[in-house]
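Dropping structure.cif in here (mmCIF, C-alpha atoms):
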data_entry
#
loop_
_atom_site.label_atom_id
_atom_site.label_comp_id
_atom_site.auth_asym_id
_atom_site.auth_seq_id
_atom_site.Cartn_x
_atom_site.Cartn_y
_atom_site.Cartn_z
CA MET A 1 -24.61 -7.60 41.44
CA PRO A 2 -26.84 -6.04 44.11
CA PRO A 3 -27.28 -2.27 43.81
CA SER A 4 -26.59 -0.05 46.78
CA PRO A 5 -29.19 2.51 47.91
CA PRO A 6 -29.78 5.35 45.43
CA ARG A 7 -27.61 8.42 45.72
CA ASP A 8 -26.81 11.58 43.74
CA GLY A 9 -30.28 12.20 42.43
CA GLY A 10 -31.31 8.58 42.13
CA ALA A 11 -28.20 7.07 40.55
CA VAL A 12 -27.63 3.41 41.35
CA VAL A 13 -24.06 2.61 42.27
CA VAL A 14 -22.88 -0.48 40.43
CA ASP A 15 -20.52 -2.61 42.47
CA PRO A 16 -20.47 -5.94 40.61
CA SER A 17 -18.96 -9.05 42.07
CA PRO A 18 -17.49 -11.15 39.24
CA LEU A 19 -17.79 -14.84 39.96
CA SER A 20 -16.05 -17.79 38.37
CA VAL A 21 -18.59 -20.61 38.38
CA ASN A 22 -18.92 -23.87 36.49
CA VAL A 23 -22.20 -23.06 34.75
CA THR A 24 -22.80 -26.72 33.97
CA ASP A 25 -23.17 -27.30 37.74
CA ALA A 26 -26.72 -26.16 38.51
CA ALA A 27 -26.18 -26.29 42.28
CA ALA A 28 -23.06 -24.11 42.05
CA VAL A 29 -24.90 -21.60 39.87
CA ALA A 30 -27.85 -21.45 42.28
CA ALA A 31 -25.50 -20.77 45.18
CA ALA A 32 -23.69 -18.06 43.21
CA VAL A 33 -26.83 -16.04 42.36
CA ASP A 34 -28.47 -16.40 45.76
CA GLY A 35 -28.79 -13.04 47.48
CA VAL A 36 -28.25 -10.86 44.42
CA ASP A 37 -30.69 -8.79 42.37
CA ASP A 38 -29.14 -8.77 38.90
CA VAL A 39 -27.19 -11.39 36.97
CA VAL A 40 -25.03 -10.98 33.87
CA ASN A 41 -24.15 -14.22 32.10
CA LEU A 42 -20.91 -13.74 30.15
CA VAL A 43 -19.89 -17.39 29.91
CA GLY A 44 -19.05 -18.70 26.45
CA ILE A 45 -16.45 -20.67 24.50
CA LEU A 46 -15.08 -20.21 20.98
CA HIS A 47 -14.09 -23.83 20.42
CA GLU A 48 -14.81 -27.19 21.95
CA SER A 49 -12.32 -29.16 24.01
CA ARG A 50 -12.28 -32.55 25.63
CA GLY A 51 -15.43 -32.75 27.76
CA VAL A 52 -16.35 -29.10 27.08
CA THR A 53 -18.94 -28.65 24.35
CA PHE A 54 -20.89 -25.77 22.85
CA ASP A 55 -24.15 -27.39 23.86
CA GLY A 56 -23.02 -28.09 27.40
CA VAL A 57 -21.70 -24.59 28.08
CA HIS A 58 -24.02 -22.42 25.99
CA ARG A 59 -27.36 -24.20 26.22
CA GLY A 60 -26.83 -26.21 29.39
CA GLY A 61 -25.00 -23.48 31.28
CA THR A 62 -27.46 -20.76 30.31
CA THR A 63 -30.37 -22.98 31.28
CA ALA A 64 -28.84 -23.37 34.75
CA VAL A 65 -28.30 -19.59 35.07
CA ALA A 66 -31.80 -18.69 33.88
CA ASN A 67 -33.52 -21.30 36.04
CA ALA A 68 -31.56 -20.15 39.08
CA PHE A 69 -32.34 -16.49 38.42
CA TRP A 70 -36.11 -17.09 38.21
CA ASP A 71 -36.19 -19.63 41.05
CA PRO A 72 -38.95 -18.36 43.39
CA THR A 73 -36.97 -19.51 46.42
CA ARG A 74 -33.91 -17.41 45.52
CA ARG A 75 -33.15 -14.66 48.00
CA ARG A 76 -32.76 -11.05 46.84
CA SER A 77 -30.64 -8.31 48.40
CA GLY A 78 -33.62 -6.89 50.28
CA ALA A 79 -33.24 -3.39 48.85
CA ALA A 80 -36.77 -2.02 48.38
CA GLU A 81 -36.07 -0.63 44.90
CA ALA A 82 -34.56 -3.89 43.71
CA VAL A 83 -37.40 -5.99 45.11
CA ALA A 84 -39.98 -3.80 43.38
CA ALA A 85 -38.19 -4.01 40.02
CA GLY A 86 -37.57 -7.73 40.28
CA GLY A 87 -34.00 -7.41 39.05
CA GLY A 88 -32.76 -8.34 35.64
CA LEU A 89 -30.84 -11.03 33.77
CA VAL A 90 -28.57 -9.97 30.93
CA HIS A 91 -27.39 -12.81 28.72
CA LEU A 92 -24.51 -12.11 26.35
CA SER A 93 -25.13 -14.00 23.13
CA ALA A 94 -23.64 -13.25 19.71
CA ILE A 95 -24.64 -12.09 16.26
CA GLY A 96 -25.07 -15.28 14.28
CA ALA A 97 -27.12 -17.07 16.92
CA ASP A 98 -29.47 -19.08 14.73
CA PRO A 99 -31.02 -22.54 15.14
CA ALA A 100 -30.41 -23.07 11.42
CA SER A 101 -26.75 -21.96 11.53
CA ALA A 102 -24.22 -24.08 9.67
CA ALA A 103 -21.99 -23.78 12.75
CA ALA A 104 -22.55 -25.62 16.02
CA TYR A 105 -21.49 -22.42 17.79
CA GLY A 106 -24.35 -20.46 16.21
CA ARG A 107 -26.90 -23.19 16.91
CA SER A 108 -25.82 -23.49 20.56
CA LYS A 109 -26.03 -19.71 21.01
CA ALA A 110 -29.60 -19.82 19.66
CA ALA A 111 -30.44 -22.66 22.05
CA ALA A 112 -29.08 -20.58 24.94
CA GLU A 113 -31.32 -17.67 23.98
CA ALA A 114 -34.28 -20.03 23.86
CA ALA A 115 -33.43 -21.23 27.37
CA VAL A 116 -33.62 -17.65 28.66
CA ARG A 117 -37.00 -17.09 27.00
CA VAL A 118 -38.43 -20.35 28.32
CA ALA A 119 -37.32 -19.61 31.89
CA ARG A 120 -38.63 -16.04 31.65
CA GLU A 121 -42.04 -17.13 30.39
CA ALA A 122 -42.33 -19.90 32.97
CA ALA A 123 -41.37 -17.69 35.91
CA PRO A 124 -44.12 -17.44 38.56
CA ALA A 125 -45.43 -14.06 39.64
CA VAL A 126 -43.52 -14.37 42.90
CA ALA A 127 -40.25 -14.49 40.94
CA PRO A 128 -40.28 -11.37 38.73
CA GLY A 129 -37.32 -10.26 36.69
CA ARG A 130 -36.53 -8.70 33.33
CA ALA A 131 -34.66 -10.51 30.55
CA TYR A 132 -32.23 -8.99 28.07
CA ILE A 133 -30.29 -10.79 25.36
CA LEU A 134 -27.39 -8.85 23.83
CA ARG A 135 -25.88 -10.02 20.55
CA PRO A 136 -22.57 -8.28 19.82
CA SER A 137 -20.45 -8.63 16.72
CA ILE A 138 -16.74 -9.21 17.40
CA VAL A 139 -15.92 -7.67 20.79
CA PHE A 140 -12.58 -5.89 20.85
CA GLY A 141 -10.49 -4.29 23.57
CA PRO A 142 -7.03 -4.47 25.15
CA GLU A 143 -7.24 -8.19 26.01
CA ASP A 144 -9.35 -9.37 23.08
CA ALA A 145 -8.87 -12.69 21.33
CA PHE A 146 -9.17 -11.27 17.81
CA PHE A 147 -6.79 -8.39 17.07
CA ASN A 148 -4.27 -9.62 19.62
CA ARG A 149 -4.30 -13.08 18.07
CA PHE A 150 -3.72 -11.88 14.52
CA ALA A 151 -1.08 -9.38 15.64
CA SER A 152 0.67 -12.30 17.32
CA LEU A 153 0.42 -14.40 14.16
CA ALA A 154 1.86 -11.54 12.11
CA ARG A 155 4.86 -11.63 14.39
CA VAL A 156 5.81 -15.17 13.34
CA LEU A 157 4.17 -15.75 9.96
CA PRO A 158 5.10 -14.19 6.60
CA PHE A 159 1.40 -13.79 5.77
CA LEU A 160 -2.07 -13.52 7.28
CA PRO A 161 -4.81 -15.79 5.90
CA LEU A 162 -7.96 -14.43 4.30
CA VAL A 163 -10.49 -17.22 4.78
CA GLY A 164 -12.86 -17.34 1.81
CA GLY A 165 -11.05 -14.39 0.29
CA GLY A 166 -11.64 -12.15 3.32
CA ARG A 167 -15.00 -10.84 2.14
CA THR A 168 -16.99 -11.61 5.34
CA ARG A 169 -18.25 -8.39 6.92
CA PHE A 170 -18.10 -7.49 10.62
CA GLN A 171 -19.14 -4.63 12.91
CA PRO A 172 -16.59 -4.87 15.73
CA VAL A 173 -17.92 -3.42 19.00
CA HIS A 174 -15.74 -2.08 21.81
CA VAL A 175 -15.91 -3.93 25.13
CA ASP A 176 -16.65 -0.66 26.96
CA ASP A 177 -19.75 -0.14 24.79
CA VAL A 178 -20.92 -3.67 25.57
CA ALA A 179 -20.42 -2.98 29.28
CA ALA A 180 -22.35 0.30 29.00
CA ALA A 181 -25.20 -1.50 27.23
CA ILE A 182 -25.39 -4.04 30.06
CA VAL A 183 -25.55 -1.26 32.63
CA SER A 184 -28.26 0.53 30.65
CA CYS A 185 -30.36 -2.64 30.48
CA LEU A 186 -30.21 -3.14 34.23
CA TYR A 187 -30.35 0.45 35.43
CA GLY A 188 -31.81 2.47 32.55
CA GLY A 189 -28.95 4.92 32.34
CA ARG A 190 -29.00 5.62 36.10
CA ALA A 191 -25.78 3.82 36.92
CA ALA A 192 -22.76 5.53 38.43
CA GLY A 193 -19.30 4.03 38.66
CA GLY A 194 -18.83 1.83 41.71
CA GLY A 195 -16.50 -1.12 41.98
CA ILE A 196 -15.53 -0.69 38.31
CA ALA A 197 -15.34 2.37 36.09
CA LEU A 198 -18.78 2.19 34.52
CA THR A 199 -20.22 5.64 33.98
CA PRO A 200 -23.89 6.14 33.04
CA GLY A 201 -24.89 3.97 30.12
CA PRO A 202 -25.69 5.34 26.65
CA LEU A 203 -29.38 5.79 27.46
CA GLU A 204 -29.14 8.97 29.49
CA GLY A 205 -31.94 10.46 31.52
CA GLY A 206 -33.05 7.32 33.32
CA GLY A 207 -35.10 5.86 30.48
CA GLY A 208 -35.61 2.12 30.61
CA VAL A 209 -34.51 -0.39 28.02
CA GLU A 210 -37.15 -2.64 26.53
CA GLU A 211 -36.72 -6.34 27.25
CA GLY A 212 -35.77 -8.78 24.53
CA VAL A 213 -32.98 -9.17 21.99
CA TRP A 214 -30.67 -6.29 21.04
CA GLU A 215 -27.87 -6.49 18.49
CA LEU A 216 -24.68 -4.52 19.12
CA GLY A 217 -22.61 -3.45 16.14
CA GLY A 218 -19.89 -0.82 16.09
CA GLY A 219 -20.05 2.26 13.89
CA ALA A 220 -17.82 0.81 11.16
CA THR A 221 -18.57 -2.18 8.93
CA LEU A 222 -15.32 -3.82 7.82
CA THR A 223 -14.50 -6.91 5.80
CA PHE A 224 -12.15 -9.54 7.17
CA ARG A 225 -9.54 -8.27 4.68
CA GLU A 226 -9.93 -4.73 5.99
CA LEU A 227 -9.58 -5.97 9.56
CA MET A 228 -6.32 -7.74 8.67
CA GLU A 229 -5.05 -4.63 6.88
CA LEU A 230 -5.89 -2.59 9.97
CA THR A 231 -4.12 -5.11 12.21
CA LEU A 232 -0.95 -4.91 10.13
CA ALA A 233 -1.03 -1.12 9.91
CA VAL A 234 -1.40 -0.63 13.66
CA SER A 235 1.07 -3.35 14.63
CA GLY A 236 3.60 -1.90 12.19
CA ARG A 237 4.23 -5.09 10.26
CA ARG A 238 4.35 -5.68 6.53
CA ARG A 239 2.87 -9.07 5.68
CA ALA A 240 1.22 -10.58 2.64
CA LEU A 241 -2.50 -11.27 2.77
CA LEU A 242 -3.11 -14.77 1.43
CA PRO A 243 -6.62 -15.66 0.18
CA LEU A 244 -7.54 -19.10 1.52
CA PRO A 245 -10.28 -21.11 -0.25
CA TRP A 246 -13.02 -22.44 2.00
CA SER A 247 -11.97 -26.07 1.43
CA ILE A 248 -8.36 -25.44 2.41
CA ALA A 249 -9.42 -23.41 5.45
CA ALA A 250 -11.66 -26.29 6.56
CA ALA A 251 -8.79 -28.75 6.13
CA GLN A 252 -6.53 -26.53 8.22
CA GLY A 253 -9.28 -26.34 10.82
CA ALA A 254 -9.45 -30.13 10.99
CA ALA A 255 -5.68 -30.31 11.44
CA ALA A 256 -5.75 -27.67 14.18
CA GLU A 257 -8.52 -29.55 15.99
CA ALA A 258 -6.49 -32.77 15.84
CA ALA A 259 -3.44 -31.01 17.26
CA HIS A 260 -5.56 -29.49 20.02
CA ALA A 261 -6.87 -32.94 20.91
CA LEU A 262 -3.29 -34.12 21.41
CA LEU A 263 -2.15 -30.91 23.14
CA PRO A 264 -5.20 -29.47 24.95
CA ALA A 265 -3.21 -26.59 26.42
CA ILE A 266 -2.68 -25.15 22.93
CA PRO A 267 -5.89 -23.65 21.50
CA PRO A 268 -6.56 -24.21 17.79
CA VAL A 269 -5.78 -21.25 15.54
CA ILE A 270 -8.98 -22.00 13.62
CA THR A 271 -11.59 -24.76 13.61
CA ARG A 272 -13.97 -26.11 10.99
CA ASP A 273 -16.84 -24.63 12.96
CA GLN A 274 -15.24 -21.19 12.82
CA VAL A 275 -14.76 -21.56 9.08
CA ALA A 276 -18.49 -22.30 8.81
CA LEU A 277 -19.25 -19.15 10.81
CA LEU A 278 -17.13 -17.06 8.47
CA ARG A 279 -19.40 -17.98 5.56
CA SER A 280 -21.98 -15.53 6.94
CA ASP A 281 -21.61 -11.81 7.59
CA ASN A 282 -21.40 -10.82 11.26
CA VAL A 283 -23.36 -7.58 11.11
CA VAL A 284 -26.53 -6.21 12.67
CA THR A 285 -29.66 -7.48 10.91
CA GLY A 286 -32.14 -7.51 13.80
CA ARG A 287 -33.13 -4.91 16.39
CA ALA A 288 -30.15 -2.57 16.67
CA TRP A 289 -29.06 -1.00 19.95
CA PRO A 290 -30.74 2.44 20.03
CA VAL A 291 -27.51 4.42 20.43
CA ALA A 292 -24.69 4.65 17.90
CA LEU A 293 -21.57 2.84 19.09
CA ARG A 294 -17.97 3.82 18.42
CA PRO A 295 -16.31 2.55 15.22
CA CYS A 296 -13.35 0.23 15.14
CA ASP A 297 -10.36 2.18 13.80
CA ALA A 298 -6.61 2.49 14.24
CA ALA A 299 -6.92 4.61 17.38
CA SER A 300 -9.27 2.17 19.10
CA ILE A 301 -6.95 -0.83 18.61
CA SER A 302 -3.70 0.99 19.38
CA TYR A 303 -3.09 -1.57 22.13
CA ILE A 304 -1.82 -4.11 19.60
CA ALA A 305 1.08 -1.82 18.73
CA LYS A 306 2.60 -2.53 22.16
CA GLY A 307 4.88 -5.48 22.48
CA TRP A 308 4.47 -6.80 18.97
#

Show this structure as structure tokens.
Amino acid sequence: MPPSPPRDGGAVVVDPSPLSVNVTDAAAVAAAVDGVDDVVNLVGILHESRGVTFDGVHRGGTTAVANAFWDPTRRRSGAAEAVAAGGGLVHLSAIGADPASAAAYGRSKAAAEAAVRVAREAAPAVAPGRAYILRPSIVFGPEDAFFNRFASLARVLPFLPLVGGGRTRFQPVHVDDVAAAIVSCLYGGRAAGGGIALTPGPLEGGGGVEEGVWELGGGATLTFRELMELTLAVSGRRRALLPLPWSIAAAQGAAAEAAHALLPAIPPVITRDQVALLRSDNVVTGRAWPVALRPCDAASISYIAKGW
């Protein structure tokens, strides 16, 4: 996303160009980032499919993106300000990224972060560039795959499952806050809306954001049970909440994976890997984003009340 020349007191106009690229194809990735100053890697999967694995997409894909970004032969936009700053790479990871995670998803997210650090440290002086790794909790918004999914399930099921009793804690973060954090990393709060409606990020006044890992958690910490209660309240449905022991949830995950293998077009409702993830809280434990983010509440998920 190359910035245009500064205007309005030094604001950088963000006019991103979203690209759909097979991140496991290093040549395609290199071609996609050629001629730009900043790169945001948002690619990720929630479950594996035939020929598409966590390791291949998360570690392999991120390695291709990071190597392409710090390739000394890569062209930049030519804007003097961008050349001087070296541009930036923002990699969207996830809370729970841990090489010792019980879930392959968490281990692959940790491997992706390591790929960014390795590429950053190995970059020659002629290929400068800042690196940011953002770890959000559950990201929610009008087209999310969490509240919309459970609102949809509540439409056809007489109950909603509480895996492990529903005691796992989360800090859901709004997609707009994640977007603002990305803008602040790249432009230090100096970004003005361009091709999309991104107003100045949460770090006002033009201050820069320190490189490294930042964890993004919303202003409310809620258990899985509380999230299901919120989903039902906003969607206007009365359903039982059924505690599901870990062993039964894992068995259902195995069955869903088997069905997905036979019918790839139908995503699994839950997988054994996701059950493993739910054994750990999904809340901020590392370096927290320096600005308080909005809480997840009934008003912020009002979009699930439509059409359900």

Would you write out, as a VMD selection string, every residue that the PyMOL selection byres ((chain A and resi 140) around 6) captures in this file? chain A and resid 139 141 144 174 to 175

Prev. selection, C-alpha atoms, output as a short mmCIF file (atom, residue, chain, number, x, y, z; two decimals), keeping the file's coordinate frame:
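To be explicit, this is the file written out as result_35.cif:
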data_model
loop_
_atom_site.label_atom_id
_atom_site.label_comp_id
_atom_site.auth_asym_id
_atom_site.auth_seq_id
_atom_site.Cartn_x
_atom_site.Cartn_y
_atom_site.Cartn_z
CA VAL A 139 -15.92 -7.67 20.79
CA GLY A 141 -10.49 -4.29 23.57
CA ASP A 144 -9.35 -9.37 23.08
CA HIS A 174 -15.74 -2.08 21.81
CA VAL A 175 -15.91 -3.93 25.13
#

Going by the chain IDs and residue numbers used in this file, which residues fall under the PyMOL selection byres ((chain A and resi 118-129) around 9)? Write them as a short mmCIF file (atom, residue, chain, number, x, y, z; two decimals) with C-alpha atoms, in the coordinates of the input.
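Final output, saved to out.cif:
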data_model
loop_
_atom_site.label_atom_id
_atom_site.label_comp_id
_atom_site.auth_asym_id
_atom_site.auth_seq_id
_atom_site.Cartn_x
_atom_site.Cartn_y
_atom_site.Cartn_z
CA ASP A 37 -30.69 -8.79 42.37
CA ASP A 38 -29.14 -8.77 38.90
CA THR A 63 -30.37 -22.98 31.28
CA ALA A 66 -31.80 -18.69 33.88
CA ASN A 67 -33.52 -21.30 36.04
CA PHE A 69 -32.34 -16.49 38.42
CA TRP A 70 -36.11 -17.09 38.21
CA ASP A 71 -36.19 -19.63 41.05
CA PRO A 72 -38.95 -18.36 43.39
CA THR A 73 -36.97 -19.51 46.42
CA ARG A 74 -33.91 -17.41 45.52
CA VAL A 83 -37.40 -5.99 45.11
CA ALA A 84 -39.98 -3.80 43.38
CA ALA A 85 -38.19 -4.01 40.02
CA GLY A 86 -37.57 -7.73 40.28
CA GLY A 87 -34.00 -7.41 39.05
CA GLY A 88 -32.76 -8.34 35.64
CA LEU A 89 -30.84 -11.03 33.77
CA GLU A 113 -31.32 -17.67 23.98
CA ALA A 114 -34.28 -20.03 23.86
CA ALA A 115 -33.43 -21.23 27.37
CA VAL A 116 -33.62 -17.65 28.66
CA ARG A 117 -37.00 -17.09 27.00
CA ARG A 130 -36.53 -8.70 33.33
CA ALA A 131 -34.66 -10.51 30.55
#

Given all atoms listed in the file as the counted atoms, nearest of A:Leu216, A:Leu278, A:Leu241, A:Ala233 to Arg167 (chain A): A:Leu278

Which one of A:Ile45, A:Met228, A:Val291, A:Val39 sits closest to Gly106 (chain A) if you count all atoms listed in the file?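 That would be A:Ile45, the residue with the smallest distance to Gly106 (chain A).
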
Near-region 217-223 of chain A list (9 Å; all atoms listed in the file; drop same-chain fewer than 3 positions) as number ranges by chain: A: 95, 135-138, 166-174, 177, 226-228, 281-284, 288-289, 292-297

Suppose a student applies the PyMOL selection byres ((chain A and resi 107-112) around 6) to this structure; what residues should they get, written as a ChimeraX atom specification? /A:54-55,58-59,62,97-99,101,104-106,113-115

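If only C-alpha atoms are the atoms counted, then among A:Tyr132, A:Pro142, A:Ser20, A:Phe150 the closest residue to Thr231 (chain A) is A:Phe150.
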
Long-range neighbours of Ala254 (chain A) as a ChimeraX atom specification, 9 Å cut-off, only C-alpha atoms, 6 positions minimum in chain: /A:270-272

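Residue nearest Phe147 (chain A) within the list A:Ala249, A:Leu134, A:Val275, A:Leu230: A:Leu230 [criterion: smallest interatomic distance, all atoms listed in the file].
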
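You will find CA of His47 (chain A) at 8.0 Å from CA of Asp273 (chain A).
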
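Take CA of Ala251 (chain A) and CA of Glu229 (chain A): the distance between them is 24.4 Å.
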
Considering all atoms listed in the file, state which residue in the set A:Ser302, A:Ser77, A:His91, A:Val178 is at the smallest distance from Leu42 (chain A).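 Checking each of A:Ser302, A:Ser77, A:His91, A:Val178 against Leu42 (chain A), counting all atoms listed in the file, the winner is A:His91.
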